[in-house]
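Trainee: entry21.cif (mmCIF, N, CA and C atoms) pasted underneath:
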```
data_run
#
loop_
_atom_site.label_atom_id
_atom_site.label_comp_id
_atom_site.auth_asym_id
_atom_site.auth_seq_id
_atom_site.Cartn_x
_atom_site.Cartn_y
_atom_site.Cartn_z
N MET P 14 -115.22 24.96 -98.13
CA MET P 14 -115.57 25.21 -96.75
C MET P 14 -116.61 24.17 -96.34
N VAL P 15 -116.46 23.68 -95.10
CA VAL P 15 -117.35 22.66 -94.57
C VAL P 15 -118.01 23.19 -93.31
N ASN P 16 -119.30 22.97 -93.17
CA ASN P 16 -120.00 23.33 -91.95
C ASN P 16 -119.54 22.39 -90.85
N ALA P 17 -118.96 22.93 -89.79
CA ALA P 17 -118.37 22.11 -88.72
C ALA P 17 -119.42 21.32 -87.96
N VAL P 18 -120.65 21.77 -87.94
CA VAL P 18 -121.72 21.08 -87.21
C VAL P 18 -122.31 19.94 -88.05
N SER P 19 -122.67 20.26 -89.29
CA SER P 19 -123.35 19.27 -90.13
C SER P 19 -122.39 18.42 -90.96
N GLY P 20 -121.18 18.94 -91.22
CA GLY P 20 -120.24 18.23 -92.06
C GLY P 20 -120.49 18.41 -93.55
N HIS P 21 -121.46 19.22 -93.92
CA HIS P 21 -121.78 19.45 -95.32
C HIS P 21 -120.89 20.54 -95.92
N ALA P 22 -120.51 20.32 -97.18
CA ALA P 22 -119.74 21.33 -97.91
C ALA P 22 -120.65 22.51 -98.23
N VAL P 23 -120.19 23.72 -97.93
CA VAL P 23 -120.99 24.92 -98.19
C VAL P 23 -120.35 25.84 -99.22
N ALA P 24 -119.07 25.66 -99.50
CA ALA P 24 -118.40 26.51 -100.50
C ALA P 24 -117.16 25.80 -101.01
N ASP P 25 -116.84 26.03 -102.27
CA ASP P 25 -115.63 25.49 -102.90
C ASP P 25 -114.86 26.68 -103.43
N LEU P 26 -113.74 26.98 -102.79
CA LEU P 26 -112.99 28.19 -103.13
C LEU P 26 -111.59 27.84 -103.62
N PRO P 27 -111.02 28.69 -104.49
CA PRO P 27 -109.65 28.45 -104.95
C PRO P 27 -108.64 28.80 -103.86
N ILE P 28 -107.77 27.86 -103.56
CA ILE P 28 -106.69 28.10 -102.60
C ILE P 28 -105.39 27.62 -103.23
N GLY P 29 -104.28 27.85 -102.56
CA GLY P 29 -102.98 27.46 -103.08
C GLY P 29 -102.79 25.95 -103.09
N GLY P 30 -101.69 25.53 -103.70
CA GLY P 30 -101.39 24.12 -103.84
C GLY P 30 -100.87 23.47 -102.57
N HIS P 31 -101.21 22.22 -102.40
CA HIS P 31 -100.77 21.39 -101.27
C HIS P 31 -101.13 22.01 -99.92
N PRO P 32 -102.41 22.29 -99.68
CA PRO P 32 -102.79 22.83 -98.37
C PRO P 32 -102.50 21.82 -97.28
N ASP P 33 -102.09 22.30 -96.13
CA ASP P 33 -101.72 21.42 -95.03
C ASP P 33 -102.55 21.69 -93.79
N ALA P 34 -102.79 22.94 -93.49
CA ALA P 34 -103.49 23.29 -92.25
C ALA P 34 -104.60 24.29 -92.56
N ALA P 35 -105.61 24.26 -91.70
CA ALA P 35 -106.71 25.22 -91.80
C ALA P 35 -107.03 25.70 -90.40
N ALA P 36 -107.45 26.96 -90.31
CA ALA P 36 -107.82 27.54 -89.01
C ALA P 36 -108.87 28.60 -89.25
N PHE P 37 -109.63 28.92 -88.18
CA PHE P 37 -110.69 29.92 -88.28
C PHE P 37 -110.59 30.87 -87.11
N ASP P 38 -110.64 32.17 -87.41
CA ASP P 38 -110.65 33.21 -86.39
C ASP P 38 -112.09 33.72 -86.29
N PRO P 39 -112.84 33.29 -85.26
CA PRO P 39 -114.26 33.64 -85.18
C PRO P 39 -114.52 35.13 -85.00
N ALA P 40 -113.64 35.84 -84.33
CA ALA P 40 -113.85 37.27 -84.11
C ALA P 40 -113.77 38.05 -85.42
N LEU P 41 -112.83 37.68 -86.27
CA LEU P 41 -112.65 38.36 -87.56
C LEU P 41 -113.44 37.71 -88.68
N LYS P 42 -114.01 36.53 -88.42
CA LYS P 42 -114.73 35.74 -89.42
C LYS P 42 -113.82 35.45 -90.61
N LEU P 43 -112.57 35.07 -90.30
CA LEU P 43 -111.60 34.75 -91.33
C LEU P 43 -111.14 33.31 -91.18
N ALA P 44 -111.08 32.61 -92.30
CA ALA P 44 -110.52 31.26 -92.35
C ALA P 44 -109.18 31.34 -93.07
N PHE P 45 -108.27 30.45 -92.70
CA PHE P 45 -106.92 30.46 -93.25
C PHE P 45 -106.56 29.07 -93.74
N SER P 46 -105.87 29.00 -94.87
CA SER P 46 -105.34 27.76 -95.40
C SER P 46 -103.87 27.98 -95.73
N SER P 47 -102.99 27.21 -95.08
CA SER P 47 -101.56 27.32 -95.39
C SER P 47 -101.24 26.34 -96.51
N ASN P 48 -100.58 26.84 -97.55
CA ASN P 48 -100.37 26.09 -98.78
C ASN P 48 -98.88 26.00 -99.08
N GLY P 49 -98.30 24.85 -98.82
CA GLY P 49 -96.85 24.71 -98.91
C GLY P 49 -96.28 24.70 -100.30
N ALA P 50 -97.04 24.22 -101.29
CA ALA P 50 -96.47 24.07 -102.63
C ALA P 50 -96.08 25.40 -103.25
N ASN P 51 -96.92 26.41 -103.07
CA ASN P 51 -96.60 27.70 -103.67
C ASN P 51 -96.31 28.77 -102.63
N GLY P 52 -96.20 28.38 -101.36
CA GLY P 52 -95.83 29.34 -100.33
C GLY P 52 -96.82 30.45 -100.15
N THR P 53 -98.10 30.09 -99.97
CA THR P 53 -99.11 31.11 -99.74
C THR P 53 -99.97 30.75 -98.52
N LEU P 54 -100.61 31.76 -98.00
CA LEU P 54 -101.61 31.62 -96.95
C LEU P 54 -102.88 32.23 -97.53
N THR P 55 -103.87 31.38 -97.83
CA THR P 55 -105.13 31.87 -98.37
C THR P 55 -106.01 32.34 -97.22
N VAL P 56 -106.52 33.57 -97.34
CA VAL P 56 -107.39 34.16 -96.32
C VAL P 56 -108.79 34.26 -96.92
N VAL P 57 -109.76 33.68 -96.21
CA VAL P 57 -111.14 33.61 -96.69
C VAL P 57 -112.05 34.26 -95.66
N HIS P 58 -112.96 35.13 -96.12
CA HIS P 58 -113.92 35.78 -95.21
C HIS P 58 -115.24 35.03 -95.21
N GLU P 59 -115.81 34.84 -94.03
CA GLU P 59 -117.15 34.27 -93.90
C GLU P 59 -118.14 35.42 -94.07
N ASP P 60 -118.75 35.51 -95.25
CA ASP P 60 -119.72 36.56 -95.51
C ASP P 60 -121.00 36.30 -94.72
N ASP P 61 -121.43 35.06 -94.71
CA ASP P 61 -122.50 34.56 -93.83
C ASP P 61 -122.28 33.05 -93.72
N ALA P 62 -123.15 32.36 -93.03
CA ALA P 62 -122.92 30.94 -92.74
C ALA P 62 -122.75 30.08 -93.98
N ASP P 63 -123.29 30.50 -95.12
CA ASP P 63 -123.21 29.70 -96.33
C ASP P 63 -122.45 30.36 -97.47
N HIS P 64 -121.84 31.51 -97.22
CA HIS P 64 -121.14 32.22 -98.29
C HIS P 64 -119.78 32.71 -97.80
N TYR P 65 -118.78 32.46 -98.63
CA TYR P 65 -117.40 32.79 -98.29
C TYR P 65 -116.73 33.42 -99.50
N SER P 66 -115.76 34.28 -99.27
CA SER P 66 -115.02 34.89 -100.37
C SER P 66 -113.54 34.96 -100.02
N VAL P 67 -112.71 34.72 -101.04
CA VAL P 67 -111.26 34.81 -100.85
C VAL P 67 -110.91 36.29 -100.74
N VAL P 68 -110.25 36.65 -99.64
CA VAL P 68 -109.84 38.03 -99.40
C VAL P 68 -108.46 38.28 -99.98
N GLN P 69 -107.56 37.30 -99.78
CA GLN P 69 -106.17 37.53 -100.16
C GLN P 69 -105.41 36.21 -100.16
N ASN P 70 -104.39 36.13 -100.99
CA ASN P 70 -103.40 35.07 -100.93
C ASN P 70 -102.09 35.73 -100.53
N VAL P 71 -101.70 35.55 -99.28
CA VAL P 71 -100.50 36.17 -98.75
C VAL P 71 -99.29 35.32 -99.13
N GLN P 72 -98.28 35.93 -99.72
CA GLN P 72 -97.06 35.21 -100.04
C GLN P 72 -96.31 34.93 -98.74
N THR P 73 -95.98 33.67 -98.48
CA THR P 73 -95.23 33.31 -97.28
C THR P 73 -93.86 32.80 -97.70
N GLN P 74 -93.70 31.50 -97.77
CA GLN P 74 -92.43 30.90 -98.20
C GLN P 74 -92.74 29.50 -98.68
N GLU P 75 -92.12 29.10 -99.77
CA GLU P 75 -92.33 27.74 -100.26
C GLU P 75 -92.02 26.75 -99.14
N GLY P 76 -92.92 25.81 -98.93
CA GLY P 76 -92.75 24.82 -97.87
C GLY P 76 -93.39 25.22 -96.55
N ALA P 77 -93.84 26.46 -96.42
CA ALA P 77 -94.47 26.91 -95.17
C ALA P 77 -95.91 26.42 -95.16
N LYS P 78 -96.10 25.23 -94.60
CA LYS P 78 -97.44 24.66 -94.61
C LYS P 78 -97.98 24.36 -93.22
N THR P 79 -97.13 24.09 -92.26
CA THR P 79 -97.59 23.86 -90.90
C THR P 79 -97.96 25.21 -90.29
N MET P 80 -99.15 25.28 -89.67
CA MET P 80 -99.65 26.57 -89.20
C MET P 80 -100.33 26.43 -87.85
N ALA P 81 -100.24 27.49 -87.06
CA ALA P 81 -101.02 27.64 -85.82
C ALA P 81 -101.62 29.04 -85.85
N LEU P 82 -102.81 29.19 -85.28
CA LEU P 82 -103.48 30.48 -85.25
C LEU P 82 -103.71 30.90 -83.81
N ASP P 83 -103.33 32.14 -83.50
CA ASP P 83 -103.64 32.75 -82.21
C ASP P 83 -104.83 33.66 -82.46
N SER P 84 -106.04 33.19 -82.11
CA SER P 84 -107.24 33.96 -82.41
C SER P 84 -107.47 35.12 -81.46
N GLN P 85 -106.69 35.20 -80.39
CA GLN P 85 -106.78 36.38 -79.51
C GLN P 85 -105.94 37.53 -80.05
N MET P 86 -104.76 37.20 -80.56
CA MET P 86 -103.88 38.23 -81.13
C MET P 86 -104.09 38.37 -82.65
N HIS P 87 -104.89 37.46 -83.23
CA HIS P 87 -105.20 37.48 -84.66
C HIS P 87 -103.92 37.35 -85.50
N ARG P 88 -103.11 36.37 -85.13
CA ARG P 88 -101.86 36.10 -85.85
C ARG P 88 -101.80 34.65 -86.27
N ALA P 89 -101.29 34.43 -87.48
CA ALA P 89 -101.02 33.08 -87.96
C ALA P 89 -99.52 32.86 -87.91
N TYR P 90 -99.12 31.69 -87.44
CA TYR P 90 -97.71 31.32 -87.35
C TYR P 90 -97.48 30.14 -88.29
N LEU P 91 -96.49 30.27 -89.15
CA LEU P 91 -96.13 29.20 -90.07
C LEU P 91 -94.64 28.92 -89.89
N VAL P 92 -94.26 27.69 -90.12
CA VAL P 92 -92.85 27.33 -90.01
C VAL P 92 -92.36 26.77 -91.34
N SER P 93 -91.10 27.03 -91.62
CA SER P 93 -90.49 26.49 -92.82
C SER P 93 -88.98 26.59 -92.72
N SER P 94 -88.34 26.07 -93.71
CA SER P 94 -86.89 26.14 -93.87
C SER P 94 -86.61 26.35 -95.35
N LYS P 95 -85.39 26.63 -95.65
CA LYS P 95 -84.98 26.66 -97.05
C LYS P 95 -84.62 25.22 -97.43
N PHE P 96 -84.82 24.90 -98.70
CA PHE P 96 -84.61 23.53 -99.15
C PHE P 96 -83.58 23.46 -100.25
N GLY P 97 -82.79 22.41 -100.21
CA GLY P 97 -81.83 22.12 -101.26
C GLY P 97 -82.40 21.07 -102.19
N PRO P 98 -81.56 20.54 -103.07
CA PRO P 98 -82.06 19.52 -104.00
C PRO P 98 -82.41 18.22 -103.28
N ALA P 99 -83.30 17.48 -103.90
CA ALA P 99 -83.66 16.16 -103.38
C ALA P 99 -82.53 15.19 -103.69
N GLU P 100 -82.40 14.18 -102.84
CA GLU P 100 -81.43 13.12 -103.12
C GLU P 100 -81.92 12.31 -104.31
N ALA P 101 -81.05 11.52 -104.88
CA ALA P 101 -81.42 10.69 -106.03
C ALA P 101 -82.46 9.66 -105.62
N ALA P 102 -83.39 9.38 -106.53
CA ALA P 102 -84.41 8.36 -106.27
C ALA P 102 -83.77 6.98 -106.19
N THR P 103 -84.32 6.17 -105.31
CA THR P 103 -83.87 4.78 -105.16
C THR P 103 -85.10 3.88 -105.15
N ALA P 104 -84.88 2.58 -105.18
CA ALA P 104 -86.01 1.65 -105.10
C ALA P 104 -86.73 1.80 -103.77
N GLN P 105 -85.98 2.06 -102.70
CA GLN P 105 -86.58 2.22 -101.38
C GLN P 105 -87.26 3.58 -101.22
N ASN P 106 -86.78 4.59 -101.93
CA ASN P 106 -87.34 5.94 -101.84
C ASN P 106 -87.46 6.51 -103.26
N PRO P 107 -88.53 6.11 -103.99
CA PRO P 107 -88.64 6.53 -105.39
C PRO P 107 -89.01 8.00 -105.57
N HIS P 108 -89.49 8.65 -104.52
CA HIS P 108 -89.88 10.06 -104.61
C HIS P 108 -89.27 10.85 -103.45
N PRO P 109 -87.96 11.03 -103.47
CA PRO P 109 -87.32 11.72 -102.33
C PRO P 109 -87.73 13.19 -102.26
N ARG P 110 -87.78 13.67 -101.05
CA ARG P 110 -88.13 15.07 -100.81
C ARG P 110 -86.86 15.92 -100.83
N PRO P 111 -87.01 17.22 -101.09
CA PRO P 111 -85.84 18.10 -101.03
C PRO P 111 -85.23 18.07 -99.62
N THR P 112 -83.94 18.28 -99.55
CA THR P 112 -83.26 18.29 -98.26
C THR P 112 -83.36 19.67 -97.62
N VAL P 113 -83.43 19.69 -96.30
CA VAL P 113 -83.49 20.95 -95.56
C VAL P 113 -82.07 21.52 -95.44
N VAL P 114 -81.93 22.80 -95.73
CA VAL P 114 -80.64 23.47 -95.58
C VAL P 114 -80.44 23.75 -94.09
N PRO P 115 -79.39 23.23 -93.47
CA PRO P 115 -79.17 23.43 -92.03
C PRO P 115 -79.14 24.92 -91.66
N GLY P 116 -79.73 25.23 -90.50
CA GLY P 116 -79.70 26.59 -89.97
C GLY P 116 -80.68 27.55 -90.60
N THR P 117 -81.64 27.05 -91.39
CA THR P 117 -82.56 27.96 -92.08
C THR P 117 -83.99 27.88 -91.54
N PHE P 118 -84.23 27.18 -90.44
CA PHE P 118 -85.58 27.09 -89.87
C PHE P 118 -86.07 28.48 -89.50
N GLU P 119 -87.33 28.78 -89.87
CA GLU P 119 -87.91 30.09 -89.58
C GLU P 119 -89.34 29.94 -89.10
N VAL P 120 -89.76 30.85 -88.23
CA VAL P 120 -91.16 30.99 -87.85
C VAL P 120 -91.65 32.27 -88.51
N LEU P 121 -92.65 32.15 -89.37
CA LEU P 121 -93.22 33.30 -90.06
C LEU P 121 -94.48 33.73 -89.32
N VAL P 122 -94.64 35.02 -89.10
CA VAL P 122 -95.80 35.56 -88.40
C VAL P 122 -96.58 36.43 -89.38
N VAL P 123 -97.87 36.12 -89.54
CA VAL P 123 -98.73 36.87 -90.45
C VAL P 123 -99.84 37.51 -89.62
N GLN P 124 -100.01 38.82 -89.81
CA GLN P 124 -101.01 39.57 -89.05
C GLN P 124 -101.57 40.67 -89.94
N ARG P 125 -102.86 40.96 -89.79
CA ARG P 125 -103.47 42.06 -90.54
C ARG P 125 -102.93 43.39 -90.05
N LYS P 126 -102.86 44.34 -90.96
CA LYS P 126 -102.43 45.69 -90.59
C LYS P 126 -103.58 46.47 -90.04
#
```
Starting from the file, give its structure as structure tokens.
Mentor:
Amino acid sequence: MVNAVSGHAVADLPIGGHPDAAAFDPALKLAFSSNGANGTLTVVHEDDADHYSVVQNVQTQEGAKTMALDSQMHRAYLVSSKFGPAEAATAQNPHPRPTVVPGTFEVLVVQRK
């Protein structure tokens, strides 16, 4: 966690692999990290300005890393698709990404109960 005003690191917390997006809900004092590698959304509570604790790692979907937060409705939106095998590596593309399975795009909505 980084203090947005000073830029100083205030906490180092375990989150999922390959985080892509982060958001903060000031009313709930919750921070979110969408982690595409293992398909999780890490939820972190701001205990006070310098202390944070991981509340939960919500299972989402592998590849669901792009995220938007609606802090009025307290909902996180993530997008993903199902993936097929990667194409063969070539000199031009030595690390190809998995291919998207057509027709599988999804918007995932995460909200507290």
Trainee: Which polymer residues have any atom within 10 Å of an atom of Leu26 of chain P, counting only C-alpha atoms, with same-chain residues fewer than 5 positions away left out, as a list in words?
Mentor: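 Answer for this query is Met14, Thr55, Val57, Tyr65, Ser66 and Val67 of chain P.
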Trainee: Would you translate the PyMOL selection byres (((chain P and resi 75 and name CA) around 7) and name CA) into the concrete set of residues it matches in this file, as a VMD selection string?
Mentor: chain P and resid 49 to 52 73 to 74 76 to 77
Trainee: Could you state which residues are captured by the PyMOL selection byres ((chain P and resi 41-44) around 5) in this file, as a VMD selection string?
Mentor: chain P and resid 36 to 40 45 to 46 56 to 59
Trainee: Output the selection as a PDB file, keeping the file's coordinate frame - N, CA and C atoms for each residue.
Mentor:
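The resulting file, selection.pdb, is shown below:
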```pdb
ATOM      1  N   ALA P  36    -107.450  26.960 -90.310  1.00  0.00           N
ATOM      2  CA  ALA P  36    -107.820  27.540 -89.010  1.00  0.00           C
ATOM      3  C   ALA P  36    -108.870  28.600 -89.250  1.00  0.00           C
ATOM      4  N   PHE P  37    -109.630  28.920 -88.180  1.00  0.00           N
ATOM      5  CA  PHE P  37    -110.690  29.920 -88.280  1.00  0.00           C
ATOM      6  C   PHE P  37    -110.590  30.870 -87.110  1.00  0.00           C
ATOM      7  N   ASP P  38    -110.640  32.170 -87.410  1.00  0.00           N
ATOM      8  CA  ASP P  38    -110.650  33.210 -86.390  1.00  0.00           C
ATOM      9  C   ASP P  38    -112.090  33.720 -86.290  1.00  0.00           C
ATOM     10  N   PRO P  39    -112.840  33.290 -85.260  1.00  0.00           N
ATOM     11  CA  PRO P  39    -114.260  33.640 -85.180  1.00  0.00           C
ATOM     12  C   PRO P  39    -114.520  35.130 -85.000  1.00  0.00           C
ATOM     13  N   ALA P  40    -113.640  35.840 -84.330  1.00  0.00           N
ATOM     14  CA  ALA P  40    -113.850  37.270 -84.110  1.00  0.00           C
ATOM     15  C   ALA P  40    -113.770  38.050 -85.420  1.00  0.00           C
ATOM     16  N   PHE P  45    -108.270  30.450 -92.700  1.00  0.00           N
ATOM     17  CA  PHE P  45    -106.920  30.460 -93.250  1.00  0.00           C
ATOM     18  C   PHE P  45    -106.560  29.070 -93.740  1.00  0.00           C
ATOM     19  N   SER P  46    -105.870  29.000 -94.870  1.00  0.00           N
ATOM     20  CA  SER P  46    -105.340  27.760 -95.400  1.00  0.00           C
ATOM     21  C   SER P  46    -103.870  27.980 -95.730  1.00  0.00           C
ATOM     22  N   VAL P  56    -106.520  33.570 -97.340  1.00  0.00           N
ATOM     23  CA  VAL P  56    -107.390  34.160 -96.320  1.00  0.00           C
ATOM     24  C   VAL P  56    -108.790  34.260 -96.920  1.00  0.00           C
ATOM     25  N   VAL P  57    -109.760  33.680 -96.210  1.00  0.00           N
ATOM     26  CA  VAL P  57    -111.140  33.610 -96.690  1.00  0.00           C
ATOM     27  C   VAL P  57    -112.050  34.260 -95.660  1.00  0.00           C
ATOM     28  N   HIS P  58    -112.960  35.130 -96.120  1.00  0.00           N
ATOM     29  CA  HIS P  58    -113.920  35.780 -95.210  1.00  0.00           C
ATOM     30  C   HIS P  58    -115.240  35.030 -95.210  1.00  0.00           C
ATOM     31  N   GLU P  59    -115.810  34.840 -94.030  1.00  0.00           N
ATOM     32  CA  GLU P  59    -117.150  34.270 -93.900  1.00  0.00           C
ATOM     33  C   GLU P  59    -118.140  35.420 -94.070  1.00  0.00           C
TER      34      GLU P  59
END
```
Trainee: Figure out the distance between atom CA of Thr79 of chain P and atom CA of Thr103 of chain P, please, to one decimal in Å.
Mentor: 27.5 Å
Trainee: For the atom pair atom C of Gly116 of chain P and atom C of Gln85 of chain P, what is the interatomic distance in Å to one decimal place?
Mentor: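 Atom-to-atom, atom C of Gly116 of chain P and atom C of Gln85 of chain P are spaced 29.1 Å apart.
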Trainee: Might you pull out every residue within 7 Å of Ser47 of chain P, with only C-alpha atoms counted and same-chain residues fewer than 3 positions away left off, and present them as a PyMOL selection string?
Mentor: chain P and resi 32-35+53-55+78-80
Trainee: For a test of reading the model, state the distance in Å between atom CA of Asp83 of chain P and atom CA of Val122 of chain P, rounded to one decimal.
Mentor: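 Atom-to-atom, atom CA of Asp83 of chain P to atom CA of Val122 of chain P, that is 10.4 Å.
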Trainee: Quick one: pick out all strand (DSSP E or B) residues within chain P from a backbone DSSP run and write them as an NGL selection string.
Mentor: :P and (15 or 22 or 32-38 or 43-48 or 53-61 or 64-72 or 79-83 or 88-93 or 96-99 or 111-113 or 119-124)
Trainee: With all atoms of segment 57-73 of chain P from the file as input, state the centre and edge lengths in Å to one decimal of the axis-aligned box that has 3 Å extra on each side, as JSON.
Mentor:
```
{"center_x": -108.6, "center_y": 34.0, "center_z": -96.9, "size_x": 35.4, "size_y": 14.6, "size_z": 14.3}
```
Trainee: Which is closer to Ala22 of chain P than all the others in P:His108, P:Lys95, P:Ser84, P:Asp63, using only N, CA and C atoms?
Mentor: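 Once distances to Ala22 of chain P are computed over only N, CA and C atoms, the minimum belongs to P:Asp63.
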Trainee: For each of P:Glu119, P:Ala104, P:Ala62, P:Gln124, take the minimum atom-to-atom distance to Met86 of chain P, counting only N, CA and C atoms, then give the residue where this is smallest.
Mentor: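 Going through P:Glu119, P:Ala104, P:Ala62, P:Gln124 one by one, the smallest distance to Met86 of chain P is for P:Gln124.
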Trainee: Would you kindly translate the PyMOL selection byres ((chain P and resi 90) around 5) into the concrete residues it picks from this file, as a PyMOL selection string?
Mentor: chain P and resi 80-82+88-89+91-92+121-122
Trainee: Write a file of the just-selected residues containing N, CA and C atoms, as a compact mmCIF listing (two decimals), keeping the file's coordinate frame.
Mentor:
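The resulting result.txt:
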```txt
# COMPACT_ATOMS: atom_id res chain seq x y z
N MET P 80 -99.15 25.28 -89.67
CA MET P 80 -99.65 26.57 -89.20
C MET P 80 -100.33 26.43 -87.85
N ALA P 81 -100.24 27.49 -87.06
CA ALA P 81 -101.02 27.64 -85.82
C ALA P 81 -101.62 29.04 -85.85
N LEU P 82 -102.81 29.19 -85.28
CA LEU P 82 -103.48 30.48 -85.25
C LEU P 82 -103.71 30.90 -83.81
N ARG P 88 -103.11 36.37 -85.13
CA ARG P 88 -101.86 36.10 -85.85
C ARG P 88 -101.80 34.65 -86.27
N ALA P 89 -101.29 34.43 -87.48
CA ALA P 89 -101.02 33.08 -87.96
C ALA P 89 -99.52 32.86 -87.91
N LEU P 91 -96.49 30.27 -89.15
CA LEU P 91 -96.13 29.20 -90.07
C LEU P 91 -94.64 28.92 -89.89
N VAL P 92 -94.26 27.69 -90.12
CA VAL P 92 -92.85 27.33 -90.01
C VAL P 92 -92.36 26.77 -91.34
N LEU P 121 -92.65 32.15 -89.37
CA LEU P 121 -93.22 33.30 -90.06
C LEU P 121 -94.48 33.73 -89.32
N VAL P 122 -94.64 35.02 -89.10
CA VAL P 122 -95.80 35.56 -88.40
C VAL P 122 -96.58 36.43 -89.38
```
Trainee: Please tell me which residues are no farther than 12 Å from (-85.1, 19.6, -100.1) in the file, counting only C-alpha atoms, and write them as an MDAnalysis selection string.
Mentor: chainID P and resid 75:76 93:101 108:115 117
Trainee: Nearest to Asn48 of chain P among P:Gly30, P:Asp25, P:Ala102, P:Arg125, with distances taken over only C-alpha atoms: which residue is it?
Mentor: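 For Asn48 of chain P, the nearest of the given residues is P:Gly30.
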